[in-house]
>>> print(open('structure_15.pdb').read())   # PDB, C-alpha atoms
MODEL        1
ATOM      1  CA  MET A   1     115.112  97.603 115.501  1.00  0.00           C
ATOM      2  CA  SER A   2     111.789  96.739 117.124  1.00  0.00           C
ATOM      3  CA  PHE A   3     109.197  94.487 115.552  1.00  0.00           C
ATOM      4  CA  THR A   4     106.394  92.130 116.473  1.00  0.00           C
ATOM      5  CA  LEU A   5     105.671  88.691 115.058  1.00  0.00           C
ATOM      6  CA  PRO A   6     102.142  87.778 113.929  1.00  0.00           C
ATOM      7  CA  ASP A   7     100.390  85.310 116.207  1.00  0.00           C
ATOM      8  CA  TRP A   8      98.977  82.918 113.628  1.00  0.00           C
ATOM      9  CA  PRO A   9      99.415  79.224 112.758  1.00  0.00           C
ATOM     10  CA  ALA A  10     101.321  79.807 109.530  1.00  0.00           C
ATOM     11  CA  PRO A  11     103.554  76.972 108.277  1.00  0.00           C
ATOM     12  CA  ALA A  12     107.247  77.162 109.128  1.00  0.00           C
ATOM     13  CA  SER A  13     108.121  78.143 105.558  1.00  0.00           C
ATOM     14  CA  VAL A  14     106.141  81.395 105.920  1.00  0.00           C
ATOM     15  CA  ARG A  15     107.867  84.238 107.757  1.00  0.00           C
ATOM     16  CA  ALA A  16     106.247  87.544 108.680  1.00  0.00           C
ATOM     17  CA  ALA A  17     106.945  90.561 110.875  1.00  0.00           C
ATOM     18  CA  PHE A  18     105.457  93.961 111.687  1.00  0.00           C
ATOM     19  CA  THR A  19     108.119  96.605 112.240  1.00  0.00           C
ATOM     20  CA  LEU A  20     107.740  99.504 114.651  1.00  0.00           C
ATOM     21  CA  ARG A  21     109.243 102.982 114.340  1.00  0.00           C
ATOM     22  CA  THR A  22     112.401 102.568 116.429  1.00  0.00           C
ATOM     23  CA  GLY A  23     115.899 101.535 115.442  1.00  0.00           C
ATOM     24  CA  GLY A  24     116.379 103.624 112.320  1.00  0.00           C
ATOM     25  CA  VAL A  25     118.376 106.707 111.372  1.00  0.00           C
ATOM     26  CA  SER A  26     115.686 109.110 110.148  1.00  0.00           C
ATOM     27  CA  VAL A  27     115.289 112.361 112.063  1.00  0.00           C
ATOM     28  CA  SER A  28     112.096 114.188 113.061  1.00  0.00           C
ATOM     29  CA  PRO A  29     109.403 114.158 111.807  1.00  0.00           C
ATOM     30  CA  TYR A  30     110.261 110.778 110.249  1.00  0.00           C
ATOM     31  CA  ALA A  31     112.058 109.373 113.280  1.00  0.00           C
ATOM     32  CA  SER A  32     113.266 106.857 113.222  1.00  0.00           C
ATOM     33  CA  LEU A  33     112.703 103.665 111.201  1.00  0.00           C
ATOM     34  CA  ASN A  34     110.977 105.257 108.225  1.00  0.00           C
ATOM     35  CA  VAL A  35     111.131 102.991 105.173  1.00  0.00           C
ATOM     36  CA  GLY A  36     108.880 105.117 102.965  1.00  0.00           C
ATOM     37  CA  ALA A  37     110.600 106.843 100.063  1.00  0.00           C
ATOM     38  CA  HIS A  38     107.494 108.901  99.262  1.00  0.00           C
ATOM     39  CA  VAL A  39     107.125 111.100 102.354  1.00  0.00           C
ATOM     40  CA  GLY A  40     109.997 113.574 101.950  1.00  0.00           C
ATOM     41  CA  ASP A  41     112.577 111.836 104.123  1.00  0.00           C
ATOM     42  CA  ALA A  42     116.248 111.909 103.121  1.00  0.00           C
ATOM     43  CA  PRO A  43     116.842 109.153 100.520  1.00  0.00           C
ATOM     44  CA  ALA A  44     120.059 108.074 102.266  1.00  0.00           C
ATOM     45  CA  ALA A  45     118.188 107.619 105.547  1.00  0.00           C
ATOM     46  CA  VAL A  46     115.461 105.568 103.885  1.00  0.00           C
ATOM     47  CA  ALA A  47     118.063 103.396 102.169  1.00  0.00           C
ATOM     48  CA  GLU A  48     119.866 102.757 105.465  1.00  0.00           C
ATOM     49  CA  ASN A  49     116.617 101.959 107.242  1.00  0.00           C
ATOM     50  CA  ARG A  50     115.697  99.470 104.534  1.00  0.00           C
ATOM     51  CA  ARG A  51     119.162  97.916 104.781  1.00  0.00           C
ATOM     52  CA  ARG A  52     118.745  97.507 108.530  1.00  0.00           C
ATOM     53  CA  LEU A  53     115.358  95.927 108.004  1.00  0.00           C
ATOM     54  CA  ARG A  54     116.782  93.373 105.565  1.00  0.00           C
ATOM     55  CA  GLU A  55     119.656  92.591 107.914  1.00  0.00           C
ATOM     56  CA  GLN A  56     117.670  92.413 111.150  1.00  0.00           C
ATOM     57  CA  LEU A  57     114.923  90.224 109.700  1.00  0.00           C
ATOM     58  CA  ARG A  58     117.410  88.194 107.635  1.00  0.00           C
ATOM     59  CA  LEU A  59     115.334  88.639 104.523  1.00  0.00           C
ATOM     60  CA  PRO A  60     116.186  86.506 101.484  1.00  0.00           C
ATOM     61  CA  GLY A  61     115.997  89.529  99.193  1.00  0.00           C
ATOM     62  CA  GLU A  62     114.925  93.145  98.823  1.00  0.00           C
ATOM     63  CA  PRO A  63     111.237  93.623  99.648  1.00  0.00           C
ATOM     64  CA  VAL A  64     108.984  94.818  96.861  1.00  0.00           C
ATOM     65  CA  TRP A  65     108.159  98.415  97.803  1.00  0.00           C
ATOM     66  CA  LEU A  66     104.783  99.247  96.283  1.00  0.00           C
ATOM     67  CA  GLN A  67     103.471 102.701  95.456  1.00  0.00           C
ATOM     68  CA  GLN A  68     100.309 102.522  97.549  1.00  0.00           C
ATOM     69  CA  VAL A  69      97.320 104.617  96.479  1.00  0.00           C
ATOM     70  CA  HIS A  70      94.425 103.326  98.671  1.00  0.00           C
ATOM     71  CA  GLY A  71      93.122 101.266  95.763  1.00  0.00           C
ATOM     72  CA  ILE A  72      92.473  97.580  95.105  1.00  0.00           C
ATOM     73  CA  GLU A  73      95.211  96.697  92.602  1.00  0.00           C
ATOM     74  CA  VAL A  74      97.173  93.587  93.543  1.00  0.00           C
ATOM     75  CA  ALA A  75     100.701  93.110  92.235  1.00  0.00           C
ATOM     76  CA  ASP A  76     101.431  89.505  91.281  1.00  0.00           C
ATOM     77  CA  LEU A  77     105.160  89.410  91.960  1.00  0.00           C
ATOM     78  CA  ASP A  78     105.572  86.276  89.845  1.00  0.00           C
ATOM     79  CA  ARG A  79     104.358  87.829  86.589  1.00  0.00           C
ATOM     80  CA  PRO A  80     106.999  88.815  83.988  1.00  0.00           C
ATOM     81  CA  GLU A  81     105.899  92.449  83.768  1.00  0.00           C
ATOM     82  CA  THR A  82     106.685  92.972  87.457  1.00  0.00           C
ATOM     83  CA  THR A  83     110.074  91.304  87.263  1.00  0.00           C
ATOM     84  CA  ALA A  84     113.281  92.795  85.883  1.00  0.00           C
ATOM     85  CA  ALA A  85     115.622  90.908  83.580  1.00  0.00           C
ATOM     86  CA  SER A  86     117.854  90.169  86.548  1.00  0.00           C
ATOM     87  CA  GLY A  87     115.025  88.234  88.170  1.00  0.00           C
ATOM     88  CA  THR A  88     114.397  90.816  90.877  1.00  0.00           C
ATOM     89  CA  THR A  89     110.957  92.371  91.199  1.00  0.00           C
ATOM     90  CA  VAL A  90     110.663  96.011  90.253  1.00  0.00           C
ATOM     91  CA  SER A  91     109.712  98.268  93.142  1.00  0.00           C
ATOM     92  CA  GLY A  92     107.418 101.245  92.603  1.00  0.00           C
ATOM     93  CA  THR A  93     104.545  99.222  91.154  1.00  0.00           C
ATOM     94  CA  GLU A  94     101.284 101.079  91.844  1.00  0.00           C
ATOM     95  CA  ALA A  95      99.246  98.656  93.946  1.00  0.00           C
ATOM     96  CA  ASP A  96      97.921  98.185  97.462  1.00  0.00           C
ATOM     97  CA  ALA A  97      98.582  94.478  97.802  1.00  0.00           C
ATOM     98  CA  ALA A  98     101.067  91.899  96.598  1.00  0.00           C
ATOM     99  CA  VAL A  99     101.064  88.119  96.226  1.00  0.00           C
ATOM    100  CA  THR A 100     103.704  85.532  95.373  1.00  0.00           C
ATOM    101  CA  ARG A 101     104.104  81.800  95.107  1.00  0.00           C
ATOM    102  CA  GLU A 102     107.896  81.874  94.777  1.00  0.00           C
ATOM    103  CA  ARG A 103     110.216  81.194  97.702  1.00  0.00           C
ATOM    104  CA  GLY A 104     112.475  84.107  98.599  1.00  0.00           C
ATOM    105  CA  ARG A 105     110.220  86.908  97.361  1.00  0.00           C
ATOM    106  CA  VAL A 106     109.208  89.424 100.007  1.00  0.00           C
ATOM    107  CA  CYS A 107     105.815  91.164 100.016  1.00  0.00           C
ATOM    108  CA  VAL A 108     105.667  94.346 102.087  1.00  0.00           C
ATOM    109  CA  ILE A 109     102.930  96.801 103.033  1.00  0.00           C
ATOM    110  CA  GLN A 110     103.449 100.191 104.677  1.00  0.00           C
ATOM    111  CA  VAL A 111     100.815 101.490 107.076  1.00  0.00           C
ATOM    112  CA  ALA A 112     100.180 104.353 109.447  1.00  0.00           C
ATOM    113  CA  ASP A 113      96.532 104.235 110.606  1.00  0.00           C
ATOM    114  CA  CYS A 114      95.479 101.684 107.975  1.00  0.00           C
ATOM    115  CA  MET A 115      95.442  97.944 108.558  1.00  0.00           C
ATOM    116  CA  PRO A 116      97.993  95.469 107.186  1.00  0.00           C
ATOM    117  CA  VAL A 117      96.408  92.125 106.339  1.00  0.00           C
ATOM    118  CA  LEU A 118      98.704  89.176 105.689  1.00  0.00           C
ATOM    119  CA  PHE A 119      97.619  86.004 103.910  1.00  0.00           C
ATOM    120  CA  ALA A 120      99.190  82.558 103.731  1.00  0.00           C
ATOM    121  CA  ALA A 121      98.183  79.270 102.185  1.00  0.00           C
ATOM    122  CA  ARG A 122      98.039  76.622 104.891  1.00  0.00           C
ATOM    123  CA  ASP A 123     100.493  74.509 102.912  1.00  0.00           C
ATOM    124  CA  GLY A 124     102.892  77.453 102.480  1.00  0.00           C
ATOM    125  CA  SER A 125     102.476  77.538  98.702  1.00  0.00           C
ATOM    126  CA  ALA A 126     101.440  81.207  98.486  1.00  0.00           C
ATOM    127  CA  VAL A 127     101.522  84.403 100.529  1.00  0.00           C
ATOM    128  CA  GLY A 128     100.120  87.890 100.194  1.00  0.00           C
ATOM    129  CA  ALA A 129      99.982  91.244 101.952  1.00  0.00           C
ATOM    130  CA  ALA A 130      97.307  93.929 101.634  1.00  0.00           C
ATOM    131  CA  HIS A 131      97.066  97.587 102.669  1.00  0.00           C
ATOM    132  CA  ALA A 132      93.530  97.974 104.004  1.00  0.00           C
ATOM    133  CA  GLY A 133      92.311 101.423 104.914  1.00  0.00           C
ATOM    134  CA  TRP A 134      88.632 102.246 104.646  1.00  0.00           C
ATOM    135  CA  ARG A 135      88.860 103.025 100.930  1.00  0.00           C
ATOM    136  CA  GLY A 136      90.576  99.743 100.170  1.00  0.00           C
ATOM    137  CA  LEU A 137      88.152  97.766 102.320  1.00  0.00           C
ATOM    138  CA  ALA A 138      85.148  99.416 100.711  1.00  0.00           C
ATOM    139  CA  GLY A 139      86.595  98.844  97.248  1.00  0.00           C
ATOM    140  CA  GLY A 140      87.400  95.183  97.848  1.00  0.00           C
ATOM    141  CA  VAL A 141      91.187  95.016  98.225  1.00  0.00           C
ATOM    142  CA  LEU A 142      90.966  91.960 100.482  1.00  0.00           C
ATOM    143  CA  GLU A 143      88.635  90.120  98.130  1.00  0.00           C
ATOM    144  CA  GLU A 144      90.902  90.950  95.196  1.00  0.00           C
ATOM    145  CA  THR A 145      93.973  89.717  97.080  1.00  0.00           C
ATOM    146  CA  VAL A 146      92.246  86.420  97.848  1.00  0.00           C
ATOM    147  CA  ARG A 147      91.240  86.114  94.196  1.00  0.00           C
ATOM    148  CA  LYS A 148      94.798  86.707  93.018  1.00  0.00           C
ATOM    149  CA  LEU A 149      96.153  84.145  95.472  1.00  0.00           C
ATOM    150  CA  GLY A 150      93.921  81.500  93.913  1.00  0.00           C
ATOM    151  CA  VAL A 151      93.814  79.428  97.096  1.00  0.00           C
ATOM    152  CA  PRO A 152      90.500  77.830  98.188  1.00  0.00           C
ATOM    153  CA  SER A 153      89.152  79.478 101.323  1.00  0.00           C
ATOM    154  CA  ALA A 154      89.588  76.330 103.409  1.00  0.00           C
ATOM    155  CA  GLY A 155      93.288  76.388 102.592  1.00  0.00           C
ATOM    156  CA  LEU A 156      93.887  80.053 103.431  1.00  0.00           C
ATOM    157  CA  MET A 157      94.590  81.972 106.631  1.00  0.00           C
ATOM    158  CA  ALA A 158      94.837  85.690 107.367  1.00  0.00           C
ATOM    159  CA  TRP A 159      96.344  87.931 110.041  1.00  0.00           C
ATOM    160  CA  MET A 160      95.012  91.431 110.672  1.00  0.00           C
ATOM    161  CA  GLY A 161      97.746  93.657 112.055  1.00  0.00           C
ATOM    162  CA  PRO A 162      97.709  96.810 114.194  1.00  0.00           C
ATOM    163  CA  THR A 163      95.442  99.608 113.011  1.00  0.00           C
ATOM    164  CA  ILE A 164      93.666 102.676 114.321  1.00  0.00           C
ATOM    165  CA  GLY A 165      91.023 101.770 116.921  1.00  0.00           C
ATOM    166  CA  GLN A 166      87.340 102.551 116.656  1.00  0.00           C
ATOM    167  CA  ALA A 167      87.476 105.067 119.509  1.00  0.00           C
ATOM    168  CA  HIS A 168      89.912 107.219 117.518  1.00  0.00           C
ATOM    169  CA  PHE A 169      88.606 106.748 113.969  1.00  0.00           C
ATOM    170  CA  GLU A 170      85.837 109.246 113.270  1.00  0.00           C
ATOM    171  CA  VAL A 171      84.295 109.224 109.790  1.00  0.00           C
ATOM    172  CA  GLY A 172      81.442 110.923 108.002  1.00  0.00           C
ATOM    173  CA  GLY A 173      78.250 109.433 106.685  1.00  0.00           C
ATOM    174  CA  ASP A 174      79.793 109.077 103.227  1.00  0.00           C
ATOM    175  CA  VAL A 175      82.216 106.447 104.523  1.00  0.00           C
ATOM    176  CA  ARG A 176      79.449 104.488 106.224  1.00  0.00           C
ATOM    177  CA  ASP A 177      77.295 104.716 103.088  1.00  0.00           C
ATOM    178  CA  ALA A 178      80.154 103.354 100.975  1.00  0.00           C
ATOM    179  CA  PHE A 179      80.053 100.112 102.954  1.00  0.00           C
ATOM    180  CA  LEU A 180      76.302  99.842 103.428  1.00  0.00           C
ATOM    181  CA  SER A 181      75.718 100.224  99.695  1.00  0.00           C
ATOM    182  CA  THR A 182      77.086  96.703  99.194  1.00  0.00           C
ATOM    183  CA  ASP A 183      76.702  95.179 102.674  1.00  0.00           C
ATOM    184  CA  ALA A 184      73.846  96.304 104.882  1.00  0.00           C
ATOM    185  CA  GLY A 185      75.294  94.248 107.737  1.00  0.00           C
ATOM    186  CA  ALA A 186      78.347  96.515 107.833  1.00  0.00           C
ATOM    187  CA  SER A 187      76.289  98.882 109.977  1.00  0.00           C
ATOM    188  CA  VAL A 188      77.588  96.980 113.037  1.00  0.00           C
ATOM    189  CA  ALA A 189      81.014  98.531 112.405  1.00  0.00           C
ATOM    190  CA  PHE A 190      79.750 102.104 112.914  1.00  0.00           C
ATOM    191  CA  VAL A 191      78.737 103.748 116.183  1.00  0.00           C
ATOM    192  CA  PRO A 192      77.207 107.267 116.121  1.00  0.00           C
ATOM    193  CA  ASN A 193      78.937 109.949 118.161  1.00  0.00           C
ATOM    194  CA  SER A 194      77.808 113.248 119.685  1.00  0.00           C
ATOM    195  CA  ARG A 195      79.026 115.239 116.671  1.00  0.00           C
ATOM    196  CA  GLY A 196      76.653 113.583 114.243  1.00  0.00           C
ATOM    197  CA  ARG A 197      79.429 111.451 112.769  1.00  0.00           C
ATOM    198  CA  TRP A 198      80.513 107.835 113.180  1.00  0.00           C
ATOM    199  CA  GLN A 199      83.233 105.855 114.955  1.00  0.00           C
ATOM    200  CA  CYS A 200      84.464 103.228 112.503  1.00  0.00           C
ATOM    201  CA  ASP A 201      85.766  99.741 113.400  1.00  0.00           C
ATOM    202  CA  LEU A 202      88.181  98.593 110.669  1.00  0.00           C
ATOM    203  CA  TYR A 203      88.615  95.153 112.240  1.00  0.00           C
ATOM    204  CA  THR A 204      84.911  94.407 111.946  1.00  0.00           C
ATOM    205  CA  LEU A 205      84.859  95.614 108.342  1.00  0.00           C
ATOM    206  CA  ALA A 206      87.907  93.514 107.442  1.00  0.00           C
ATOM    207  CA  LYS A 207      86.390  90.407 109.066  1.00  0.00           C
ATOM    208  CA  ARG A 208      83.196  90.851 107.039  1.00  0.00           C
TER     209      ARG A 208
ENDMDL
END
>>> encode(input="structure_15.pdb", output="structure tokens")
Amino acid sequence: MSFTLPDWPAPASVRAAFTLRTGGVSVSPYASLNVGAHVGDAPAAVAENRRRLREQLRLPGEPVWLQQVHGIEVADLDRPETTAASGTTVSGTEADAAVTRERGRVCVIQVADCMPVLFAARDGSAVGAAHAGWRGLAGGVLEETVRKLGVPSAGLMAWMGPTIGQAHFEVGGDVRDAFLSTDAGASVAFVPNSRGRWQCDLYTLAKR
């Protein structure tokens, strides 16, 4: 299984990884390390891929697999309503980010073209993960994740993972307007193209 490790100064108690698509058992068009149960892949293949992920990364428990909807809901994995009687967190919660302050709980975000943004308290007391496509960024998913973490900004760090590049992300004026309606400075993230549309820079938007 192939994965990359975030290059950030997180404390030793915080572990994070970004998996790639190789090393799984799913066949085309899901080949090969598909861990999404919502895309039509064979359930047995998804289960095996998730098992391999747990084993390869030596995870302390099953990740919490969210039902992502390009919104701004943040699942607090420490709250009773998200935790089963056995103490394990219930997967399938509809949210686009997750936070926890408990050791051994695993936040996970699935992305294709969207951006994964990981958060960690500098003292290791809290972590979070957010799914940030343009809808989530415009709606405030990163701000909501920071709010749910409850960590002062000086004590928080973030890592922005791989996402679609500006040269390949063409959007219409409605997307640009969605950002400029609350942040006029977001115009720096949009470059006009020859088709009368815009090339969008998600990294710039996430940084803002």
>>> resolve_selection(input="structure_15.pdb", expression="the PyMOL selection byres ((chain A and resi 161) around 7)", output="list in words")
Met115, Pro116, Val117, Trp159, Met160, Pro162 and Thr163 of chain A
>>> atom_distance(input="structure_15.pdb", atom1="CA of Asn34 (chain A)", atom2="CA of Arg51 (chain A)")
11.5 Å
>>> closest_residue(input="structure_15.pdb", among="A:Pro192, A:Ala17, A:Gly128, A:Leu5", to="Arg54 (chain A)", atoms="only C-alpha atoms")
A:Ala17
>>> resolve_selection(input="structure_15.pdb", expression="the PyMOL selection byres ((chain A and resi 90-104) around 9)", output="mmCIF file with C-alpha atoms, keeping the file's coordinate frame")
data_model
loop_
_atom_site.group_PDB
_atom_site.id
_atom_site.type_symbol
_atom_site.label_atom_id
_atom_site.label_comp_id
_atom_site.auth_asym_id
_atom_site.auth_seq_id
_atom_site.Cartn_x
_atom_site.Cartn_y
_atom_site.Cartn_z
ATOM 1 C CA SER A 13 108.121 78.143 105.558
ATOM 2 C CA LEU A 59 115.334 88.639 104.523
ATOM 3 C CA PRO A 60 116.186 86.506 101.484
ATOM 4 C CA GLY A 61 115.997 89.529 99.193
ATOM 5 C CA PRO A 63 111.237 93.623 99.648
ATOM 6 C CA VAL A 64 108.984 94.818 96.861
ATOM 7 C CA TRP A 65 108.159 98.415 97.803
ATOM 8 C CA LEU A 66 104.783 99.247 96.283
ATOM 9 C CA GLN A 67 103.471 102.701 95.456
ATOM 10 C CA GLN A 68 100.309 102.522 97.549
ATOM 11 C CA VAL A 69 97.320 104.617 96.479
ATOM 12 C CA HIS A 70 94.425 103.326 98.671
ATOM 13 C CA GLY A 71 93.122 101.266 95.763
ATOM 14 C CA ILE A 72 92.473 97.580 95.105
ATOM 15 C CA GLU A 73 95.211 96.697 92.602
ATOM 16 C CA VAL A 74 97.173 93.587 93.543
ATOM 17 C CA ALA A 75 100.701 93.110 92.235
ATOM 18 C CA ASP A 76 101.431 89.505 91.281
ATOM 19 C CA LEU A 77 105.160 89.410 91.960
ATOM 20 C CA ASP A 78 105.572 86.276 89.845
ATOM 21 C CA GLU A 81 105.899 92.449 83.768
ATOM 22 C CA THR A 82 106.685 92.972 87.457
ATOM 23 C CA THR A 83 110.074 91.304 87.263
ATOM 24 C CA ALA A 84 113.281 92.795 85.883
ATOM 25 C CA THR A 88 114.397 90.816 90.877
ATOM 26 C CA THR A 89 110.957 92.371 91.199
ATOM 27 C CA ARG A 105 110.220 86.908 97.361
ATOM 28 C CA VAL A 106 109.208 89.424 100.007
ATOM 29 C CA CYS A 107 105.815 91.164 100.016
ATOM 30 C CA VAL A 108 105.667 94.346 102.087
ATOM 31 C CA ILE A 109 102.930 96.801 103.033
ATOM 32 C CA PHE A 119 97.619 86.004 103.910
ATOM 33 C CA GLY A 124 102.892 77.453 102.480
ATOM 34 C CA SER A 125 102.476 77.538 98.702
ATOM 35 C CA ALA A 126 101.440 81.207 98.486
ATOM 36 C CA VAL A 127 101.522 84.403 100.529
ATOM 37 C CA GLY A 128 100.120 87.890 100.194
ATOM 38 C CA ALA A 129 99.982 91.244 101.952
ATOM 39 C CA ALA A 130 97.307 93.929 101.634
ATOM 40 C CA HIS A 131 97.066 97.587 102.669
ATOM 41 C CA ALA A 132 93.530 97.974 104.004
ATOM 42 C CA GLY A 136 90.576 99.743 100.170
ATOM 43 C CA VAL A 141 91.187 95.016 98.225
ATOM 44 C CA LEU A 142 90.966 91.960 100.482
ATOM 45 C CA GLU A 144 90.902 90.950 95.196
ATOM 46 C CA THR A 145 93.973 89.717 97.080
ATOM 47 C CA LYS A 148 94.798 86.707 93.018
ATOM 48 C CA LEU A 149 96.153 84.145 95.472
#
>>> closest_residue(input="structure_15.pdb", among="A:Gly139, A:Arg147, A:Val111, A:Ala154", to="Ser181 (chain A)", atoms="all atoms listed in the file")
A:Gly139
>>> atom_distance(input="structure_15.pdb", atom1="CA of Glu48 (chain A)", atom2="CA of Gly24 (chain A)")
7.7 Å
>>> closest_residue(input="structure_15.pdb", among="A:Ser26, A:Thr204, A:Ser194, A:Thr4", to="Phe179 (chain A)", atoms="only C-alpha atoms")
A:Thr204
>>> atom_distance(input="structure_15.pdb", atom1="CA of Ala167 (chain A)", atom2="CA of Leu202 (chain A)")
11.0 Å
>>> closest_residue(input="structure_15.pdb", among="A:Lys207, A:His38, A:Arg122, A:Arg79", to="Met157 (chain A)", atoms="only C-alpha atoms")
A:Arg122
>>> residues_around(input="structure_15.pdb", residues="Val46 (chain A)", least_positions_apart="5", cutoff="7 Å", atoms="all atoms listed in the file", output="NGL selection string")
:A and (34-37 or 41)
>>> resolve_selection(input="structure_15.pdb", expression="the PyMOL selection byres ((chain A and resi 195) around 12)", output="PyMOL selection string")
chain A and resi 170-173+191-194+196-199
>>> closest_residue(input="structure_15.pdb", among="A:Asp174, A:Asp201, A:Asp183, A:Glu62", to="Gly133 (chain A)", atoms="only C-alpha atoms")
A:Asp201
>>> closest_residue(input="structure_15.pdb", among="A:Ala138, A:Leu53, A:Ala45, A:Met1", to="Val25 (chain A)", atoms="only C-alpha atoms")
A:Ala45
>>> residues_around(input="structure_15.pdb", residues="Ile164 (chain A)", least_positions_apart="5", cutoff="7 Å", atoms="all atoms listed in the file", output="tab-separated table (two decimals) with C-alpha atoms, in the coordinates of the input")
chain	number	residue	atom	x	y	z
A	113	ASP	CA	96.53	104.24	110.61
A	114	CYS	CA	95.48	101.68	107.98
A	169	PHE	CA	88.61	106.75	113.97
